[in-house]
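Visitor: Have a peek at data-v7.pdb (PDB, C-alpha atoms, pLDDT in the B column).
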ATOM      1  CA  MET Y   1      94.829  98.322  93.569  1.00 90.00           C
ATOM      2  CA  ASN Y   2      95.714  96.747  90.235  1.00 93.00           C
ATOM      3  CA  ASP Y   3      95.690  93.055  89.242  1.00 94.00           C
ATOM      4  CA  GLN Y   4      99.300  92.443  90.338  1.00 96.00           C
ATOM      5  CA  GLU Y   5      98.653  94.023  93.734  1.00 95.00           C
ATOM      6  CA  ALA Y   6      95.427  92.045  94.121  1.00 95.00           C
ATOM      7  CA  ALA Y   7      97.395  88.863  93.366  1.00 95.00           C
ATOM      8  CA  GLN Y   8      99.906  89.830  96.074  1.00 96.00           C
ATOM      9  CA  LEU Y   9      97.062  90.457  98.537  1.00 95.00           C
ATOM     10  CA  LEU Y  10      95.640  87.018  97.738  1.00 94.00           C
ATOM     11  CA  ARG Y  11      99.081  85.456  98.295  1.00 94.00           C
ATOM     12  CA  ASN Y  12      99.129  87.146 101.712  1.00 95.00           C
ATOM     13  CA  ILE Y  13      95.646  85.820 102.442  1.00 95.00           C
ATOM     14  CA  LYS Y  14      96.833  82.337 101.403  1.00 94.00           C
ATOM     15  CA  LEU Y  15      99.844  82.602 103.744  1.00 94.00           C
ATOM     16  CA  ALA Y  16      97.704  83.681 106.685  1.00 95.00           C
ATOM     17  CA  TYR Y  17      94.899  81.213 105.891  1.00 95.00           C
ATOM     18  CA  PRO Y  18      96.483  78.132 104.239  1.00 93.00           C
ATOM     19  CA  ASN Y  19      93.141  76.543 103.365  1.00 92.00           C
ATOM     20  CA  ALA Y  20      91.882  79.638 101.555  1.00 89.00           C
ATOM     21  CA  TYR Y  21      91.744  79.293  97.791  1.00 87.00           C
ATOM     22  CA  ARG Y  22      93.580  75.954  97.919  1.00 87.00           C
ATOM     23  CA  ASP Y  23      91.515  74.152  95.276  1.00 87.00           C
ATOM     24  CA  LEU Y  24      91.273  77.041  92.814  1.00 86.00           C
ATOM     25  CA  ASP Y  25      92.019  76.299  89.168  1.00 90.00           C
ATOM     26  CA  ARG Y  26      93.856  78.892  87.064  1.00 91.00           C
ATOM     27  CA  LYS Y  27      90.700  80.362  85.505  1.00 92.00           C
ATOM     28  CA  SER Y  28      89.013  80.772  88.900  1.00 91.00           C
ATOM     29  CA  ALA Y  29      92.188  82.231  90.414  1.00 90.00           C
ATOM     30  CA  ASP Y  30      92.394  84.826  87.637  1.00 92.00           C
ATOM     31  CA  ALA Y  31      88.720  85.711  88.150  1.00 92.00           C
ATOM     32  CA  THR Y  32      89.265  86.030  91.912  1.00 93.00           C
ATOM     33  CA  VAL Y  33      92.237  88.343  91.407  1.00 93.00           C
ATOM     34  CA  LYS Y  34      90.189  90.474  89.005  1.00 94.00           C
ATOM     35  CA  MET Y  35      87.253  90.615  91.432  1.00 93.00           C
ATOM     36  CA  TRP Y  36      89.483  91.908  94.245  1.00 94.00           C
ATOM     37  CA  ALA Y  37      91.185  94.422  91.940  1.00 93.00           C
ATOM     38  CA  VAL Y  38      87.929  95.898  90.629  1.00 92.00           C
ATOM     39  CA  SER Y  39      86.469  95.992  94.132  1.00 90.00           C
ATOM     40  CA  PHE Y  40      89.195  98.359  95.352  1.00 90.00           C
ATOM     41  CA  PRO Y  41      90.531 100.215  92.296  1.00 89.00           C
ATOM     42  CA  GLU Y  42      91.377 103.474  94.076  1.00 86.00           C
ATOM     43  CA  VAL Y  43      92.943 101.945  97.190  1.00 90.00           C
ATOM     44  CA  PRO Y  44      96.748 101.695  97.116  1.00 92.00           C
ATOM     45  CA  PHE Y  45      98.226  98.306  97.942  1.00 93.00           C
ATOM     46  CA  LYS Y  46      99.866  99.609 101.142  1.00 93.00           C
ATOM     47  CA  VAL Y  47      96.464 100.680 102.493  1.00 93.00           C
ATOM     48  CA  MET Y  48      94.884  97.331 101.546  1.00 95.00           C
ATOM     49  CA  GLU Y  49      97.800  95.503 103.121  1.00 95.00           C
ATOM     50  CA  MET Y  50      97.374  97.528 106.312  1.00 94.00           C
ATOM     51  CA  ALA Y  51      93.643  96.729 106.338  1.00 95.00           C
ATOM     52  CA  PHE Y  52      94.306  93.021 105.794  1.00 96.00           C
ATOM     53  CA  ASN Y  53      96.974  92.925 108.519  1.00 95.00           C
ATOM     54  CA  ARG Y  54      94.509  94.452 110.979  1.00 94.00           C
ATOM     55  CA  PHE Y  55      91.791  92.046 109.865  1.00 96.00           C
ATOM     56  CA  ARG Y  56      93.877  88.869 110.150  1.00 95.00           C
ATOM     57  CA  MET Y  57      94.746  89.635 113.768  1.00 95.00           C
ATOM     58  CA  VAL Y  58      91.097  89.263 114.793  1.00 95.00           C
ATOM     59  CA  SER Y  59      89.588  86.733 112.390  1.00 95.00           C
ATOM     60  CA  ARG Y  60      90.035  82.996 112.065  1.00 95.00           C
ATOM     61  CA  TYR Y  61      88.595  83.078 108.559  1.00 95.00           C
ATOM     62  CA  PRO Y  62      89.849  84.694 105.362  1.00 96.00           C
ATOM     63  CA  PRO Y  63      88.244  88.029 104.534  1.00 96.00           C
ATOM     64  CA  THR Y  64      85.465  88.615 102.085  1.00 94.00           C
ATOM     65  CA  VAL Y  65      85.281  91.800 100.037  1.00 92.00           C
ATOM     66  CA  ALA Y  66      82.545  93.019 102.395  1.00 89.00           C
ATOM     67  CA  GLU Y  67      84.747  92.430 105.441  1.00 93.00           C
ATOM     68  CA  MET Y  68      87.593  94.356 103.839  1.00 93.00           C
ATOM     69  CA  VAL Y  69      85.170  97.213 103.112  1.00 89.00           C
ATOM     70  CA  SER Y  70      84.286  97.232 106.818  1.00 90.00           C
ATOM     71  CA  GLU Y  71      87.962  97.241 107.766  1.00 93.00           C
ATOM     72  CA  LEU Y  72      88.633 100.135 105.380  1.00 92.00           C
ATOM     73  CA  GLU Y  73      85.770 102.011 107.000  1.00 91.00           C
ATOM     74  CA  ARG Y  74      87.288 101.486 110.448  1.00 92.00           C
ATOM     75  CA  MET Y  75      90.649 102.604 109.094  1.00 92.00           C
ATOM     76  CA  HIS Y  76      89.018 105.730 107.660  1.00 91.00           C
ATOM     77  CA  TYR Y  77      87.837 106.911 111.061  1.00 89.00           C
ATOM     78  CA  ARG Y  78      91.073 105.891 112.817  1.00 91.00           C
ATOM     79  CA  ALA Y  79      93.071 107.800 110.208  1.00 91.00           C
ATOM     80  CA  LEU Y  80      90.811 110.826 110.586  1.00 89.00           C
ATOM     81  CA  GLU Y  81      91.408 110.839 114.334  1.00 92.00           C
ATOM     82  CA  ASN Y  82      95.169 110.429 113.854  1.00 91.00           C
ATOM     83  CA  ALA Y  83      95.226 113.264 111.313  1.00 91.00           C
ATOM     84  CA  ARG Y  84      93.273 115.454 113.712  1.00 90.00           C
ATOM     85  CA  LEU Y  85      95.624 114.623 116.574  1.00 92.00           C
ATOM     86  CA  HIS Y  86      98.780 115.334 114.565  1.00 91.00           C
ATOM     87  CA  LYS Y  87      97.247 118.584 113.280  1.00 89.00           C
ATOM     88  CA  MET Y  88      96.549 119.688 116.853  1.00 89.00           C
ATOM     89  CA  LEU Y  89     100.114 118.737 117.857  1.00 90.00           C
ATOM     90  CA  GLY Y  90     101.518 120.808 115.000  1.00 90.00           C
ATOM     91  CA  ASN Y  91     102.944 117.847 113.089  1.00 89.00           C
ATOM     92  CA  GLU Y  92     101.721 118.881 109.641  1.00 90.00           C
ATOM     93  CA  GLU Y  93     103.637 116.195 107.713  1.00 92.00           C
ATOM     94  CA  ARG Y  94     102.145 113.321 109.712  1.00 91.00           C
ATOM     95  CA  ALA Y  95      98.690 114.908 109.533  1.00 90.00           C
ATOM     96  CA  LYS Y  96      99.015 115.026 105.720  1.00 91.00           C
ATOM     97  CA  ARG Y  97     100.045 111.369 105.563  1.00 91.00           C
ATOM     98  CA  TRP Y  98      97.052 110.347 107.676  1.00 91.00           C
ATOM     99  CA  MET Y  99      94.811 112.509 105.483  1.00 90.00           C
ATOM    100  CA  ASN Y 100      96.029 110.496 102.482  1.00 90.00           C
ATOM    101  CA  VAL Y 101      94.704 107.354 104.183  1.00 90.00           C
ATOM    102  CA  VAL Y 102      91.463 109.220 104.952  1.00 88.00           C
ATOM    103  CA  ASN Y 103      91.093 110.180 101.293  1.00 87.00           C
ATOM    104  CA  PHE Y 104      91.785 106.671  99.995  1.00 87.00           C
ATOM    105  CA  THR Y 105      89.342 105.069 102.421  1.00 87.00           C
ATOM    106  CA  ASP Y 106      86.652 107.758 102.119  1.00 84.00           C
ATOM    107  CA  PRO Y 107      84.491 105.769  99.650  1.00 81.00           C
ATOM    108  CA  TYR Y 108      84.173 102.997 102.251  1.00 79.00           C
ATOM    109  CA  LYS Y 109      82.770 105.016 105.157  1.00 74.00           C
ATOM    110  CA  ARG Y 110      79.199 104.409 106.230  1.00 66.00           C
ATOM    111  CA  GLU Y 111      76.790 106.222 104.000  1.00 57.00           C
ATOM    112  CA  ASN Y 112      74.280 106.657 106.801  1.00 36.00           C
ATOM    113  CA  ILE Y 113      76.642 109.099 108.513  1.00 40.00           C
ATOM    114  CA  GLU Y 114      76.153 112.453 106.876  1.00 46.00           C
ATOM    115  CA  GLY Y 115      76.971 115.915 108.080  1.00 49.00           C
ATOM    116  CA  GLY Y 116      78.795 114.657 111.153  1.00 48.00           C
ATOM    117  CA  ARG Y 117      75.722 113.085 112.743  1.00 41.00           C
ATOM    118  CA  ILE Y 118      75.722 109.575 114.178  1.00 40.00           C
ATOM    119  CA  ASN Y 119      72.454 108.387 115.711  1.00 41.00           C
ATOM    120  CA  GLY Y 120      71.406 111.976 116.279  1.00 46.00           C
ATOM    121  CA  ASP Y 121      74.593 113.030 118.123  1.00 45.00           C
ATOM    122  CA  ASP Y 122      76.417 115.914 116.471  1.00 47.00           C
ATOM    123  CA  PHE Y 123      80.118 115.149 116.119  1.00 46.00           C
ATOM    124  CA  GLY Y 124      80.874 118.279 114.136  1.00 48.00           C
ATOM    125  CA  THR Y 125      82.062 118.261 110.564  1.00 48.00           C
ATOM    126  CA  PRO Y 126      85.225 116.143 110.156  1.00 46.00           C
ATOM    127  CA  GLY Y 127      86.706 118.676 107.724  1.00 46.00           C
ATOM    128  CA  ASN Y 128      86.575 121.339 110.424  1.00 45.00           C
ATOM    129  CA  TRP Y 129      88.733 119.210 112.682  1.00 43.00           C
ATOM    130  CA  LEU Y 130      91.634 119.767 110.314  1.00 44.00           C
ATOM    131  CA  ASP Y 131      91.092 123.251 108.943  1.00 43.00           C
ATOM    132  CA  GLY Y 132      91.085 125.479 111.981  1.00 43.00           C
ATOM    133  CA  GLY Y 133      87.978 124.250 113.766  1.00 45.00           C
ATOM    134  CA  ASP Y 134      88.131 123.749 117.499  1.00 45.00           C
ATOM    135  CA  GLY Y 135      89.167 120.138 116.978  1.00 45.00           C
ATOM    136  CA  LEU Y 136      86.678 118.831 119.485  1.00 43.00           C
ATOM    137  CA  PRO Y 137      83.644 116.752 118.572  1.00 40.00           C
ATOM    138  CA  GLN Y 138      80.398 118.415 119.607  1.00 37.00           C
ATOM    139  CA  LEU Y 139      78.671 115.852 121.772  1.00 39.00           C
ATOM    140  CA  GLY Y 140      75.650 117.974 122.648  1.00 40.00           C
ATOM    141  CA  PRO Y 141      74.774 119.793 125.834  1.00 42.00           C
ATOM    142  CA  GLY Y 142      76.439 118.831 129.089  1.00 41.00           C
ATOM    143  CA  PRO Y 143      74.533 117.172 131.899  1.00 42.00           C
ATOM    144  CA  ALA Y 144      71.817 119.205 133.550  1.00 45.00           C
ATOM    145  CA  GLU Y 145      72.174 120.218 137.135  1.00 44.00           C
ATOM    146  CA  ALA Y 146      72.371 117.051 139.231  1.00 42.00           C
ATOM    147  CA  GLY Y 147      69.169 116.219 141.026  1.00 43.00           C
ATOM    148  CA  PRO Y 148      68.593 113.986 144.036  1.00 45.00           C
ATOM    149  CA  GLY Y 149      68.071 110.885 141.894  1.00 44.00           C
ATOM    150  CA  ASP Y 150      71.275 111.344 139.899  1.00 41.00           C
ATOM    151  CA  LEU Y 151      74.400 109.302 140.576  1.00 39.00           C
ATOM    152  CA  GLY Y 152      76.514 112.452 140.551  1.00 40.00           C
ATOM    153  CA  GLY Y 153      76.277 113.317 144.115  1.00 40.00           C
TER
END
Kindly present the structure from the file in structure tokens form.

Guide:
Amino acid sequence: MNDQEAAQLLRNIKLAYPNAYRDLDRKSADATVKMWAVSFPEVPFKVMEMAFNRFRMVSRYPPTVAEMVSELERMHYRALENARLHKMLGNEERAKRWMNVVNFTDPYKRENIEGGRINGDDFGTPGNWLDGGDGLPQLGPGPAEAGPGDLGG
């Protein structure tokens, strides 16, 4: 996102949250635009706009950079799932478009998730979901045989 796109994003924030940035002088406004632009240099405006539109539907307050990072992270995983789904359905063009969103939001995913593991559960390697893997997350072994104390039966 460049300075002009950051300025447009801030105008959108101002429209959605009229009290946001209302008392900003020109120097502070320019610094704010620059801060947003350098915070998301590799993210296209359309992706940032999509993230902001999702954010504003659930928040009464204007976003901070950190909140937009969190929204981009959520978008990353949603886009990965959509790409995987379209790949499985044979819609290569849509899968590629979703993978573009995945690639642009990749720097914002949680760094504590590595190698497909979340809290010890193995979800497979996301790349395999799109390049001929089975497409199904590996959630670990199934339930053991139901015993008398189990709710299964």

Visitor: Report the centre and edge lengths, in Å to one decimal, of an axis-aligned box enclosing every atom of range 18-30 of chain Y listed in the file, padded by 4 Å on each side, as lines of an AutoDock Vina configuration file.

Guide:
center_x = 92.7
center_y = 79.5
center_z = 94.9
size_x = 15.5
size_y = 18.7
size_z = 26.7

Visitor: Identify all residues satisfying the PyMOL selection byres ((chain Y and resi 75) around 8) in the given file; provide them as a CSV table (one decimal) with C-alpha atoms, keeping the file's coordinate frame.

Guide:
chain,number,residue,atom,x,y,z
Y,51,ALA,CA,93.6,96.7,106.3
Y,71,GLU,CA,88.0,97.2,107.8
Y,72,LEU,CA,88.6,100.1,105.4
Y,73,GLU,CA,85.8,102.0,107.0
Y,74,ARG,CA,87.3,101.5,110.4
Y,76,HIS,CA,89.0,105.7,107.7
Y,77,TYR,CA,87.8,106.9,111.1
Y,78,ARG,CA,91.1,105.9,112.8
Y,79,ALA,CA,93.1,107.8,110.2
Y,101,VAL,CA,94.7,107.4,104.2
Y,102,VAL,CA,91.5,109.2,105.0
Y,105,THR,CA,89.3,105.1,102.4

Visitor: When you count all atoms listed in the file, which of these residues is closest to Leu15 in chain Y: Y:Met1, Y:Pro62, Y:Val47, Y:Met88?

Guide: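 Counting all atoms listed in the file, the residue closest to Leu15 in chain Y is Y:Pro62.
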
Visitor: Could you expand the PyMOL selection byres ((chain Y and resi 97) around 12) into the explicit residues it covers here, written as a list in words?

Guide: Val47, Ala79, Leu80, Asn82, Ala83, Arg84, His86, Lys87, Asn91, Glu92, Glu93, Arg94, Ala95, Lys96, Trp98, Met99, Asn100, Val101, Val102, Asn103 and Phe104 of chain Y

Visitor: Considering only C-alpha atoms, can you say which of Y:Ala16, Y:Met35, Y:Gln8, Y:Asp106 comes closest to Val58 in chain Y?

Guide: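 Counting only C-alpha atoms, the residue closest to Val58 in chain Y is Y:Ala16.
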
Visitor: Would you mind reading off the distance between CA of Val33 in chain Y and CA of Arg60 in chain Y, one decimal, in Å?

Guide: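 Interatomic distance, CA of Val33 in chain Y to CA of Arg60 in chain Y: 21.5 Å.
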
Visitor: Rounded to one decimal place, report the CA of Glu49 in chain Y-CA of Leu9 in chain Y distance in Å.

Guide: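 Going from CA of Glu49 in chain Y over to CA of Leu9 in chain Y covers 6.9 Å.
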
Visitor: What separation in Å, quoted to one decimal, exists between CA of Val65 in chain Y and CA of Trp36 in chain Y?

Guide: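 Between CA of Val65 in chain Y and CA of Trp36 in chain Y the gap works out to 7.2 Å.
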
Visitor: From the coordinates I just gave you, please extract range 48-61 of chain Y so that only all heavy atoms remain, then output it as a short mmCIF file (atom, residue, chain, number, x, y, z; two decimals), in the first residue's frame.

Guide:
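Done, and the output landed in selection-v6.cif:
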data_model
loop_
_atom_site.label_atom_id
_atom_site.label_comp_id
_atom_site.auth_asym_id
_atom_site.auth_seq_id
_atom_site.Cartn_x
_atom_site.Cartn_y
_atom_site.Cartn_z
N MET Y 48 -6.30 -4.54 1.76
CA MET Y 48 -6.47 -3.73 2.97
C MET Y 48 -7.92 -3.26 3.11
O MET Y 48 -8.47 -3.24 4.20
CB MET Y 48 -5.53 -2.52 2.94
CG MET Y 48 -4.10 -2.85 3.25
SD MET Y 48 -3.85 -3.62 4.87
CE MET Y 48 -4.33 -2.30 5.97
N GLU Y 49 -8.51 -2.88 2.00
CA GLU Y 49 -9.90 -2.44 2.02
C GLU Y 49 -10.82 -3.57 2.47
O GLU Y 49 -11.73 -3.37 3.27
CB GLU Y 49 -10.29 -1.93 0.63
CG GLU Y 49 -11.67 -1.32 0.57
CD GLU Y 49 -11.95 -0.76 -0.82
OE1 GLU Y 49 -11.67 -1.45 -1.83
OE2 GLU Y 49 -12.47 0.36 -0.88
N MET Y 50 -10.55 -4.78 1.97
CA MET Y 50 -11.34 -5.94 2.36
C MET Y 50 -11.18 -6.20 3.86
O MET Y 50 -12.15 -6.46 4.57
CB MET Y 50 -10.89 -7.16 1.54
CG MET Y 50 -11.87 -8.28 1.52
SD MET Y 50 -11.61 -9.45 0.16
CE MET Y 50 -10.03 -10.14 0.51
N ALA Y 51 -9.94 -6.10 4.36
CA ALA Y 51 -9.69 -6.30 5.78
C ALA Y 51 -10.41 -5.25 6.61
O ALA Y 51 -11.04 -5.56 7.63
CB ALA Y 51 -8.18 -6.27 6.06
N PHE Y 52 -10.34 -3.99 6.18
CA PHE Y 52 -11.02 -2.92 6.92
C PHE Y 52 -12.53 -3.12 6.90
O PHE Y 52 -13.20 -2.96 7.93
CB PHE Y 52 -10.67 -1.54 6.38
CG PHE Y 52 -11.51 -0.46 7.00
CD1 PHE Y 52 -11.38 -0.16 8.33
CD2 PHE Y 52 -12.46 0.21 6.25
CE1 PHE Y 52 -12.18 0.81 8.93
CE2 PHE Y 52 -13.26 1.19 6.83
CZ PHE Y 52 -13.13 1.49 8.17
N ASN Y 53 -13.09 -3.49 5.76
CA ASN Y 53 -14.54 -3.70 5.68
C ASN Y 53 -15.00 -4.82 6.61
O ASN Y 53 -16.06 -4.72 7.22
CB ASN Y 53 -14.96 -3.97 4.24
CG ASN Y 53 -14.92 -2.72 3.39
OD1 ASN Y 53 -14.98 -1.61 3.90
ND2 ASN Y 53 -14.77 -2.89 2.10
N ARG Y 54 -14.20 -5.86 6.74
CA ARG Y 54 -14.53 -6.93 7.68
C ARG Y 54 -14.43 -6.42 9.11
O ARG Y 54 -15.27 -6.72 9.95
CB ARG Y 54 -13.61 -8.13 7.48
CG ARG Y 54 -13.87 -8.88 6.21
CD ARG Y 54 -12.92 -10.05 6.08
NE ARG Y 54 -13.16 -10.81 4.90
CZ ARG Y 54 -14.09 -11.76 4.78
NH1 ARG Y 54 -14.85 -12.05 5.79
NH2 ARG Y 54 -14.25 -12.41 3.65
N PHE Y 55 -13.38 -5.64 9.38
CA PHE Y 55 -13.15 -5.13 10.73
C PHE Y 55 -14.28 -4.20 11.17
O PHE Y 55 -14.79 -4.31 12.28
CB PHE Y 55 -11.80 -4.37 10.79
CG PHE Y 55 -11.55 -3.74 12.12
CD1 PHE Y 55 -10.96 -4.47 13.13
CD2 PHE Y 55 -11.92 -2.42 12.36
CE1 PHE Y 55 -10.74 -3.90 14.38
CE2 PHE Y 55 -11.70 -1.85 13.60
CZ PHE Y 55 -11.11 -2.59 14.61
N ARG Y 56 -14.68 -3.27 10.31
CA ARG Y 56 -15.66 -2.26 10.72
C ARG Y 56 -17.04 -2.85 11.01
O ARG Y 56 -17.84 -2.24 11.70
CB ARG Y 56 -15.76 -1.16 9.67
CG ARG Y 56 -16.44 -1.53 8.40
CD ARG Y 56 -16.44 -0.35 7.41
NE ARG Y 56 -16.91 -0.78 6.12
CZ ARG Y 56 -18.20 -0.85 5.78
NH1 ARG Y 56 -19.12 -0.48 6.63
NH2 ARG Y 56 -18.54 -1.26 4.59
N MET Y 57 -17.29 -4.05 10.51
CA MET Y 57 -18.59 -4.68 10.77
C MET Y 57 -18.68 -5.22 12.20
O MET Y 57 -19.79 -5.50 12.67
CB MET Y 57 -18.82 -5.82 9.78
CG MET Y 57 -18.87 -5.36 8.33
SD MET Y 57 -20.03 -4.02 8.02
CE MET Y 57 -21.56 -4.91 8.06
N VAL Y 58 -17.55 -5.34 12.89
CA VAL Y 58 -17.57 -5.93 14.23
C VAL Y 58 -17.01 -5.02 15.32
O VAL Y 58 -17.01 -5.39 16.48
CB VAL Y 58 -16.83 -7.29 14.26
CG1 VAL Y 58 -17.52 -8.29 13.37
CG2 VAL Y 58 -15.37 -7.12 13.89
N SER Y 59 -16.52 -3.85 14.94
CA SER Y 59 -15.90 -2.98 15.95
C SER Y 59 -16.54 -1.61 15.98
O SER Y 59 -16.79 -1.01 14.95
CB SER Y 59 -14.40 -2.82 15.67
OG SER Y 59 -13.83 -1.96 16.63
N ARG Y 60 -16.76 -1.12 17.18
CA ARG Y 60 -17.29 0.24 17.35
C ARG Y 60 -16.21 1.29 17.28
O ARG Y 60 -16.50 2.47 17.22
CB ARG Y 60 -17.95 0.36 18.72
CG ARG Y 60 -19.21 -0.43 18.86
CD ARG Y 60 -19.85 -0.05 20.15
NE ARG Y 60 -19.99 -1.26 20.95
CZ ARG Y 60 -20.40 -1.27 22.18
NH1 ARG Y 60 -20.66 -0.15 22.81
NH2 ARG Y 60 -20.52 -2.39 22.83
N TYR Y 61 -14.95 0.86 17.30
CA TYR Y 61 -13.83 1.79 17.36
C TYR Y 61 -12.96 1.65 16.12
O TYR Y 61 -12.85 0.58 15.54
CB TYR Y 61 -13.00 1.52 18.62
CG TYR Y 61 -13.84 1.60 19.86
CD1 TYR Y 61 -14.29 0.44 20.49
CD2 TYR Y 61 -14.23 2.82 20.37
CE1 TYR Y 61 -15.09 0.50 21.62
CE2 TYR Y 61 -15.03 2.91 21.50
CZ TYR Y 61 -15.46 1.74 22.12
OH TYR Y 61 -16.26 1.82 23.23
#
